Amino acid sequence: MAAVAPGDHRVAVDRPVAVLANPTAGRGRHRRLLPEVLDRLSAGGRPVRVLDAYTRGQAEAACREAVADGAAALVAVGGDGTVHVALQAVAGTRVPFGAVPAGTGNDFAVETGFPADPLTAVDTIAAALRDGRSRPVDLARITTATGEHRWFGAVLAAGFDAIVNERANRMRWPRGPRRYDLAILVELARLRPRRYTLRLDGETHELDAALVAVGNCASYGGGMRICPDADPTDGLLDIVVGGRFNRRMLIREKPNIYHGTHIHHPLVRSYRAHTVEIAAPDITTYADGERCLPLPITITATPSALHLLR
């Protein structure tokens, strides 16, 4: 994991810390920790305010309002999905951010140096608040042809994984993890490489691919190191493309993604760029595990777009 370079700045003393908490993150297993999380955050010397939100839209609006109202910091308690919502409010601002990893997938928090244990992470955040300390990290900015934009912190999927997520979200049965497993089986049966146009810092690549991932960080999906060399402080994005995989090859290769060794497969290509343009028909992307924007999109690495309470 790349170290995050220090870049301290002072945090306003008299402003509250806004907390976005997802009680269903990690299938609810950390719900009982929230009172202690709040107590430990208070040790940072500032008042703590839990944001009132019940849907993703409400959560994003509440985060934006808190930032606009002058919150001293924003802290997300949950997994990558909760972090993704919070990033839309703090990206490109000087409001510092803390991630308490309490979800099923905590890739952004872990990859940017927060402790994997939720309470240890809270203590780290509280210490940074108390000392008025934050450190910069890069984010990725997605823009559509119509000017719509979103931010992501970890990885954007624009291939098989995105297609599986889209299938699972359309299914009404079964509930829980089995729905995702069934979606994988359905899409494996339908697997075919798609035709992509990639423009990497202006250089065009036309290719057929089953997997396309763009990483600000190395991992997604709870530790799958899809872009193993990605560094969230280098001002660049890592692009990993898996070519004309068939079903058997894809199933065989999936365990290697957890170790990042899939990049040695002869059908896998890796690139690095500041700006990435992706076009392909009928694909909706997923960023930080959340449904995002349809292709075509442009993704731009944005250095120091976020200030972490570490």
# chains A, B, ... in the order shown; residues from 1 in each chain; ligands from 1
call {"tool": "select_by_dssp", "arguments": {"residues": "range 13-212 of chain A", "states": "strand (DSSP E)", "output": "short mmCIF file (atom, residue, chain, number, x, y, z; two decimals) with N, CA, C and O atoms, in the first residue's frame"}}
result
data_model
loop_
_atom_site.label_atom_id
_atom_site.label_comp_id
_atom_site.auth_asym_id
_atom_site.auth_seq_id
_atom_site.Cartn_x
_atom_site.Cartn_y
_atom_site.Cartn_z
N VAL A 17 -18.39 18.14 13.80
CA VAL A 17 -18.01 17.05 12.91
C VAL A 17 -19.29 16.34 12.48
O VAL A 17 -20.05 15.85 13.33
N ALA A 18 -19.54 16.30 11.18
CA ALA A 18 -20.73 15.62 10.66
C ALA A 18 -20.41 14.15 10.43
O ALA A 18 -19.35 13.81 9.89
N VAL A 19 -21.32 13.28 10.84
CA VAL A 19 -21.10 11.83 10.74
C VAL A 19 -22.21 11.21 9.90
O VAL A 19 -23.39 11.35 10.22
N LEU A 20 -21.81 10.55 8.82
CA LEU A 20 -22.75 9.77 8.01
C LEU A 20 -22.56 8.31 8.39
O LEU A 20 -21.50 7.73 8.18
N ALA A 21 -23.59 7.71 8.98
CA ALA A 21 -23.51 6.32 9.45
C ALA A 21 -24.52 5.47 8.70
O ALA A 21 -25.70 5.84 8.59
N VAL A 48 -20.13 16.54 17.80
CA VAL A 48 -20.37 15.53 16.77
C VAL A 48 -21.85 15.52 16.45
O VAL A 48 -22.70 15.49 17.36
N ARG A 49 -22.17 15.55 15.15
CA ARG A 49 -23.58 15.55 14.73
C ARG A 49 -23.81 14.43 13.72
O ARG A 49 -23.15 14.40 12.67
N VAL A 50 -24.73 13.52 14.04
CA VAL A 50 -25.07 12.44 13.12
C VAL A 50 -26.08 12.96 12.10
O VAL A 50 -27.10 13.56 12.47
N ALA A 73 -15.51 18.73 9.70
CA ALA A 73 -15.06 17.51 9.04
C ALA A 73 -16.29 16.67 8.73
O ALA A 73 -17.38 16.88 9.29
N LEU A 74 -16.10 15.70 7.83
CA LEU A 74 -17.14 14.73 7.52
C LEU A 74 -16.55 13.35 7.74
O LEU A 74 -15.45 13.05 7.23
N VAL A 75 -17.26 12.52 8.49
CA VAL A 75 -16.80 11.16 8.78
C VAL A 75 -17.85 10.18 8.30
O VAL A 75 -19.04 10.33 8.60
N ALA A 76 -17.43 9.17 7.53
CA ALA A 76 -18.34 8.14 7.02
C ALA A 76 -18.10 6.85 7.79
O ALA A 76 -16.97 6.36 7.86
N VAL A 77 -19.17 6.32 8.37
CA VAL A 77 -19.10 5.06 9.10
C VAL A 77 -19.85 4.02 8.27
O VAL A 77 -21.08 4.03 8.20
N GLY A 78 -19.11 3.15 7.63
CA GLY A 78 -19.72 2.16 6.74
C GLY A 78 -18.68 1.61 5.79
O GLY A 78 -17.48 1.65 6.07
N PHE A 97 -11.80 14.61 5.80
CA PHE A 97 -12.67 13.44 5.73
C PHE A 97 -12.03 12.26 6.46
O PHE A 97 -10.82 12.03 6.38
N GLY A 98 -12.88 11.52 7.16
CA GLY A 98 -12.44 10.30 7.82
C GLY A 98 -13.33 9.14 7.43
O GLY A 98 -14.54 9.30 7.28
N ALA A 99 -12.73 7.96 7.26
CA ALA A 99 -13.47 6.76 6.90
C ALA A 99 -13.31 5.73 8.01
O ALA A 99 -12.19 5.33 8.33
N VAL A 100 -14.45 5.32 8.59
CA VAL A 100 -14.47 4.26 9.59
C VAL A 100 -14.92 2.98 8.89
O VAL A 100 -16.09 2.86 8.52
N PRO A 101 -14.03 2.02 8.67
CA PRO A 101 -14.36 0.85 7.85
C PRO A 101 -15.29 -0.11 8.59
O PRO A 101 -14.86 -0.90 9.42
N ARG A 135 -4.23 14.96 5.62
CA ARG A 135 -3.26 14.60 4.58
C ARG A 135 -3.97 14.45 3.24
O ARG A 135 -5.06 13.86 3.18
N PRO A 136 -3.37 14.95 2.16
CA PRO A 136 -4.06 14.93 0.87
C PRO A 136 -3.96 13.57 0.18
O PRO A 136 -2.99 12.83 0.33
N VAL A 137 -4.99 13.26 -0.60
CA VAL A 137 -5.02 12.05 -1.41
C VAL A 137 -5.78 12.36 -2.69
O VAL A 137 -6.61 13.28 -2.73
N ASP A 138 -5.48 11.62 -3.74
CA ASP A 138 -6.13 11.84 -5.03
C ASP A 138 -7.53 11.22 -5.06
O ASP A 138 -7.82 10.25 -4.36
N LEU A 139 -8.38 11.78 -5.92
CA LEU A 139 -9.65 11.16 -6.28
C LEU A 139 -9.76 11.15 -7.80
O LEU A 139 -8.98 11.80 -8.50
N ALA A 140 -10.74 10.41 -8.30
CA ALA A 140 -11.02 10.38 -9.74
C ALA A 140 -12.36 11.06 -9.99
O ALA A 140 -13.33 10.81 -9.27
N ARG A 141 -12.40 11.89 -11.02
CA ARG A 141 -13.62 12.62 -11.37
C ARG A 141 -14.16 12.09 -12.69
O ARG A 141 -13.45 12.07 -13.69
N ILE A 142 -15.41 11.65 -12.66
CA ILE A 142 -16.08 11.11 -13.85
C ILE A 142 -16.97 12.20 -14.44
O ILE A 142 -17.71 12.86 -13.71
N THR A 143 -16.91 12.35 -15.75
CA THR A 143 -17.75 13.33 -16.45
C THR A 143 -18.38 12.68 -17.66
O THR A 143 -17.72 11.93 -18.39
N THR A 144 -19.67 12.96 -17.89
CA THR A 144 -20.36 12.46 -19.08
C THR A 144 -20.33 13.52 -20.17
O THR A 144 -19.94 14.67 -19.95
N HIS A 149 -21.38 14.82 -13.51
CA HIS A 149 -20.14 14.30 -12.97
C HIS A 149 -20.34 13.69 -11.59
O HIS A 149 -21.27 14.04 -10.87
N ARG A 150 -19.43 12.76 -11.27
CA ARG A 150 -19.34 12.16 -9.95
C ARG A 150 -17.87 11.89 -9.66
O ARG A 150 -17.02 11.91 -10.55
N TRP A 151 -17.60 11.63 -8.37
CA TRP A 151 -16.26 11.31 -7.91
C TRP A 151 -16.21 9.86 -7.44
O TRP A 151 -17.20 9.32 -6.96
N PHE A 152 -15.04 9.25 -7.55
CA PHE A 152 -14.85 7.97 -6.86
C PHE A 152 -13.45 7.91 -6.26
O PHE A 152 -12.54 8.62 -6.69
N VAL A 155 -12.17 2.17 -7.13
CA VAL A 155 -12.10 1.58 -8.48
C VAL A 155 -13.44 1.77 -9.19
O VAL A 155 -14.51 1.65 -8.57
N LEU A 156 -13.37 2.05 -10.48
CA LEU A 156 -14.55 2.05 -11.34
C LEU A 156 -14.51 0.82 -12.22
O LEU A 156 -13.50 0.54 -12.87
N ALA A 157 -15.62 0.06 -12.24
CA ALA A 157 -15.74 -1.12 -13.08
C ALA A 157 -16.62 -0.79 -14.29
O ALA A 157 -17.68 -0.19 -14.15
N ARG A 194 -16.93 -7.25 -25.14
CA ARG A 194 -17.53 -6.06 -25.74
C ARG A 194 -16.45 -5.25 -26.46
O ARG A 194 -15.28 -5.32 -26.11
N ARG A 195 -16.89 -4.48 -27.43
CA ARG A 195 -15.97 -3.60 -28.16
C ARG A 195 -15.86 -2.28 -27.41
O ARG A 195 -16.86 -1.59 -27.18
N TYR A 196 -14.64 -1.93 -27.02
CA TYR A 196 -14.38 -0.70 -26.29
C TYR A 196 -13.49 0.22 -27.10
O TYR A 196 -12.59 -0.23 -27.84
N THR A 197 -13.72 1.50 -26.91
CA THR A 197 -12.78 2.53 -27.35
C THR A 197 -12.24 3.21 -26.12
O THR A 197 -13.00 3.79 -25.33
N LEU A 198 -10.93 3.11 -25.92
CA LEU A 198 -10.26 3.79 -24.81
C LEU A 198 -9.35 4.87 -25.38
O LEU A 198 -8.61 4.63 -26.34
N ARG A 199 -9.43 6.05 -24.79
CA ARG A 199 -8.48 7.11 -25.11
C ARG A 199 -7.74 7.44 -23.82
O ARG A 199 -8.34 7.92 -22.85
N LEU A 200 -6.44 7.15 -23.82
CA LEU A 200 -5.62 7.33 -22.63
C LEU A 200 -4.65 8.48 -22.89
O LEU A 200 -3.72 8.35 -23.69
N GLU A 203 -4.38 9.03 -26.54
CA GLU A 203 -3.99 7.91 -27.41
C GLU A 203 -5.13 6.89 -27.46
O GLU A 203 -5.57 6.39 -26.42
N THR A 204 -5.60 6.57 -28.66
CA THR A 204 -6.78 5.73 -28.83
C THR A 204 -6.41 4.25 -28.92
O THR A 204 -5.47 3.87 -29.62
N HIS A 205 -7.21 3.42 -28.20
CA HIS A 205 -7.07 1.97 -28.25
C HIS A 205 -8.45 1.39 -28.56
O HIS A 205 -9.39 1.61 -27.78
N GLU A 206 -8.57 0.66 -29.64
CA GLU A 206 -9.80 -0.06 -29.97
C GLU A 206 -9.56 -1.53 -29.60
O GLU A 206 -8.60 -2.15 -30.09
N LEU A 207 -10.43 -2.10 -28.76
CA LEU A 207 -10.16 -3.47 -28.29
C LEU A 207 -11.44 -4.16 -27.87
O LEU A 207 -12.45 -3.52 -27.56
N ASP A 208 -11.38 -5.49 -27.87
CA ASP A 208 -12.45 -6.32 -27.33
C ASP A 208 -12.03 -6.76 -25.93
O ASP A 208 -10.90 -7.22 -25.73
N ALA A 209 -12.94 -6.63 -24.97
CA ALA A 209 -12.58 -6.93 -23.59
C ALA A 209 -13.78 -7.44 -22.80
O ALA A 209 -14.93 -7.09 -23.09
N LEU A 211 -13.23 -7.49 -19.21
CA LEU A 211 -13.02 -6.74 -17.98
C LEU A 211 -12.35 -5.41 -18.28
O LEU A 211 -11.37 -5.37 -19.03
N VAL A 212 -12.89 -4.34 -17.70
CA VAL A 212 -12.25 -3.03 -17.77
C VAL A 212 -12.41 -2.37 -16.41
O VAL A 212 -13.53 -2.23 -15.91
#
call {"tool": "residues_around", "arguments": {"residues": "Pro118 in chain A", "least_positions_apart": "3", "cutoff": "12 Å", "atoms": "only C-alpha atoms", "output": "NGL selection string"}}
result
:A and (26 or 29-34 or 36-38 or 40-41 or 76-79 or 98-103 or 106 or 109-110 or 114-115 or 121-125)
call {"tool": "residues_around", "arguments": {"residues": "Met249 in chain A", "least_positions_apart": "3", "cutoff": "12 Å", "atoms": "only C-alpha atoms", "output": "list in words"}}
result
Leu188, Leu191, Ala210, Gly242, Gly243, Arg244, Phe245, Asn246, Arg252, Glu253, Lys254, Pro255, Asn256, His262, His265, Pro266, Leu267 and Val268 of chain A
call {"tool": "write_last_selection", "arguments": {"atoms": "all heavy atoms", "output": "compact mmCIF listing (two decimals), in the first residue's frame"}}
result
# COMPACT_ATOMS: atom_id res chain seq x y z
N LEU A 188 -22.40 -15.05 -16.71
CA LEU A 188 -21.38 -15.96 -17.22
C LEU A 188 -21.90 -16.73 -18.43
O LEU A 188 -21.19 -16.94 -19.42
CB LEU A 188 -20.91 -16.94 -16.15
CG LEU A 188 -19.83 -16.45 -15.20
CD1 LEU A 188 -19.61 -17.46 -14.10
CD2 LEU A 188 -18.53 -16.16 -15.93
N LEU A 191 -21.71 -14.44 -21.35
CA LEU A 191 -20.44 -13.72 -21.48
C LEU A 191 -19.99 -13.61 -22.93
O LEU A 191 -19.92 -14.60 -23.66
CB LEU A 191 -19.36 -14.43 -20.67
CG LEU A 191 -17.96 -13.79 -20.73
CD1 LEU A 191 -17.96 -12.42 -20.07
CD2 LEU A 191 -16.93 -14.70 -20.07
N ALA A 210 -13.48 -8.28 -21.81
CA ALA A 210 -14.49 -8.73 -20.87
C ALA A 210 -14.42 -7.95 -19.56
O ALA A 210 -15.42 -7.79 -18.87
CB ALA A 210 -14.32 -10.23 -20.58
N GLY A 242 -9.01 -6.79 -19.30
CA GLY A 242 -8.98 -8.23 -19.56
C GLY A 242 -9.64 -8.49 -20.89
O GLY A 242 -10.82 -8.19 -21.07
N GLY A 243 -8.89 -9.06 -21.84
CA GLY A 243 -9.35 -9.18 -23.22
C GLY A 243 -10.42 -10.24 -23.46
O GLY A 243 -11.38 -10.32 -22.72
N ARG A 244 -10.21 -11.07 -24.46
CA ARG A 244 -11.25 -11.99 -24.91
C ARG A 244 -11.29 -13.25 -24.04
O ARG A 244 -11.02 -14.37 -24.48
CB ARG A 244 -11.03 -12.34 -26.37
CG ARG A 244 -11.11 -11.12 -27.32
CD ARG A 244 -11.05 -11.56 -28.77
NE ARG A 244 -12.19 -12.39 -29.12
CZ ARG A 244 -13.38 -11.94 -29.52
NH1 ARG A 244 -13.60 -10.63 -29.60
NH2 ARG A 244 -14.35 -12.76 -29.82
N PHE A 245 -11.67 -13.05 -22.77
CA PHE A 245 -11.83 -14.17 -21.84
C PHE A 245 -13.10 -14.94 -22.16
O PHE A 245 -14.15 -14.34 -22.43
CB PHE A 245 -11.91 -13.66 -20.40
CG PHE A 245 -10.59 -13.35 -19.78
CD1 PHE A 245 -10.02 -12.09 -19.89
CD2 PHE A 245 -9.89 -14.32 -19.07
CE1 PHE A 245 -8.80 -11.79 -19.30
CE2 PHE A 245 -8.67 -14.04 -18.49
CZ PHE A 245 -8.12 -12.77 -18.60
N ASN A 246 -13.03 -16.27 -22.08
CA ASN A 246 -14.25 -17.07 -22.11
C ASN A 246 -14.63 -17.41 -20.67
O ASN A 246 -13.93 -17.04 -19.72
CB ASN A 246 -14.08 -18.33 -22.97
CG ASN A 246 -12.97 -19.24 -22.48
OD1 ASN A 246 -12.72 -19.35 -21.28
ND2 ASN A 246 -12.28 -19.91 -23.41
N ARG A 252 -11.39 -19.30 -13.79
CA ARG A 252 -10.08 -19.75 -13.33
C ARG A 252 -9.23 -18.57 -12.85
O ARG A 252 -8.43 -18.70 -11.91
CB ARG A 252 -9.37 -20.49 -14.45
CG ARG A 252 -8.06 -21.15 -14.02
CD ARG A 252 -7.32 -21.76 -15.19
NE ARG A 252 -8.17 -22.71 -15.89
CZ ARG A 252 -8.38 -22.69 -17.20
NH1 ARG A 252 -7.84 -21.73 -17.94
NH2 ARG A 252 -9.14 -23.61 -17.77
N GLU A 253 -9.39 -17.43 -13.49
CA GLU A 253 -8.53 -16.29 -13.18
C GLU A 253 -8.99 -15.50 -11.97
O GLU A 253 -8.19 -14.79 -11.33
CB GLU A 253 -8.45 -15.36 -14.39
CG GLU A 253 -7.26 -14.42 -14.41
CD GLU A 253 -5.92 -15.15 -14.40
OE1 GLU A 253 -5.84 -16.28 -14.91
OE2 GLU A 253 -4.96 -14.56 -13.86
N LYS A 254 -10.27 -15.60 -11.61
CA LYS A 254 -10.81 -14.74 -10.54
C LYS A 254 -10.03 -14.84 -9.22
O LYS A 254 -9.74 -13.80 -8.61
CB LYS A 254 -12.28 -15.04 -10.30
CG LYS A 254 -12.90 -14.10 -9.27
CD LYS A 254 -14.39 -14.31 -9.09
CE LYS A 254 -14.95 -13.36 -8.05
NZ LYS A 254 -16.40 -13.55 -7.84
N PRO A 255 -9.63 -16.04 -8.73
CA PRO A 255 -8.86 -16.06 -7.47
C PRO A 255 -7.56 -15.28 -7.53
O PRO A 255 -7.10 -14.74 -6.52
CB PRO A 255 -8.60 -17.56 -7.25
CG PRO A 255 -9.66 -18.26 -8.02
CD PRO A 255 -9.92 -17.40 -9.22
N ASN A 256 -6.97 -15.19 -8.72
CA ASN A 256 -5.70 -14.45 -8.84
C ASN A 256 -5.88 -12.95 -8.65
O ASN A 256 -4.92 -12.25 -8.32
CB ASN A 256 -5.08 -14.72 -10.22
CG ASN A 256 -4.64 -16.16 -10.37
OD1 ASN A 256 -4.27 -16.81 -9.40
ND2 ASN A 256 -4.70 -16.67 -11.59
N HIS A 262 -3.26 -11.54 -11.59
CA HIS A 262 -3.96 -11.67 -12.87
C HIS A 262 -3.33 -10.80 -13.95
O HIS A 262 -3.49 -11.07 -15.14
CB HIS A 262 -5.44 -11.28 -12.71
CG HIS A 262 -5.62 -9.87 -12.29
ND1 HIS A 262 -5.28 -9.41 -11.04
CD2 HIS A 262 -6.07 -8.77 -12.97
CE1 HIS A 262 -5.52 -8.12 -10.96
NE2 HIS A 262 -6.01 -7.71 -12.11
N HIS A 265 -1.47 -12.47 -16.76
CA HIS A 265 -2.14 -13.31 -17.76
C HIS A 265 -1.93 -12.68 -19.15
O HIS A 265 -1.98 -11.45 -19.30
CB HIS A 265 -3.63 -13.39 -17.45
CG HIS A 265 -4.36 -14.42 -18.25
ND1 HIS A 265 -4.70 -14.22 -19.57
CD2 HIS A 265 -4.80 -15.67 -17.92
CE1 HIS A 265 -5.33 -15.29 -20.02
NE2 HIS A 265 -5.41 -16.18 -19.04
N PRO A 266 -1.70 -13.50 -20.18
CA PRO A 266 -1.42 -12.93 -21.50
C PRO A 266 -2.56 -12.11 -22.11
O PRO A 266 -2.31 -11.30 -23.01
CB PRO A 266 -1.12 -14.17 -22.36
CG PRO A 266 -1.63 -15.33 -21.58
CD PRO A 266 -1.53 -14.96 -20.14
N LEU A 267 -3.79 -12.29 -21.61
CA LEU A 267 -4.91 -11.51 -22.14
C LEU A 267 -5.15 -10.21 -21.37
O LEU A 267 -6.07 -9.47 -21.70
CB LEU A 267 -6.19 -12.35 -22.13
CG LEU A 267 -6.26 -13.49 -23.14
CD1 LEU A 267 -7.59 -14.23 -23.01
CD2 LEU A 267 -6.07 -12.97 -24.56
N VAL A 268 -4.35 -9.95 -20.35
CA VAL A 268 -4.54 -8.76 -19.52
C VAL A 268 -3.51 -7.70 -19.90
O VAL A 268 -2.31 -7.99 -20.05
CB VAL A 268 -4.43 -9.10 -18.02
CG1 VAL A 268 -4.51 -7.82 -17.17
CG2 VAL A 268 -5.54 -10.07 -17.62
call {"tool": "select_by_dssp", "arguments": {"residues": "range 41-247 of chain A", "states": "alpha helix (DSSP H)", "output": "ChimeraX atom specification"}}
result
/A:41-42,56-68,80-90,107-111,118-131,160-170,177-189,247
call {"tool": "residues_around", "arguments": {"residues": "Asp229 in chain A", "least_positions_apart": "2", "cutoff": "10 Å", "atoms": "only C-alpha atoms", "output": "VMD selection string"}}
result
chain A and resid 1 to 2 215 to 219 225 to 227 231 to 232 237 to 239 260 263 270 272
call {"tool": "residues_around", "arguments": {"residues": "range 56-68 of chain A", "least_positions_apart": "5", "cutoff": "7 Å", "atoms": "only C-alpha atoms", "output": "number ranges by chain"}}
result
A: 18, 51, 85-86, 89-90
call {"tool": "write_last_selection", "arguments": {"atoms": "C-alpha atoms", "output": "PDB file, in the first residue's frame"}}
result
ATOM      1  CA  ALA A  18     -20.730  15.623  10.656  1.00  0.00           C
ATOM      2  CA  LEU A  51     -26.683  13.211   9.769  1.00  0.00           C
ATOM      3  CA  VAL A  85     -21.819   9.036  -1.015  1.00  0.00           C
ATOM      4  CA  ALA A  86     -19.760  11.210   1.325  1.00  0.00           C
ATOM      5  CA  ALA A  89     -19.813  16.391  -0.834  1.00  0.00           C
ATOM      6  CA  VAL A  90     -16.180  16.786   0.250  1.00  0.00           C
TER       7      VAL A  90
END
call {"tool": "closest_residue", "arguments": {"among": "A:Asn169, A:Thr112, A:Thr284, A:Thr55", "to": "Leu309 in chain A", "atoms": "only C-alpha atoms"}}
result
A:Thr112
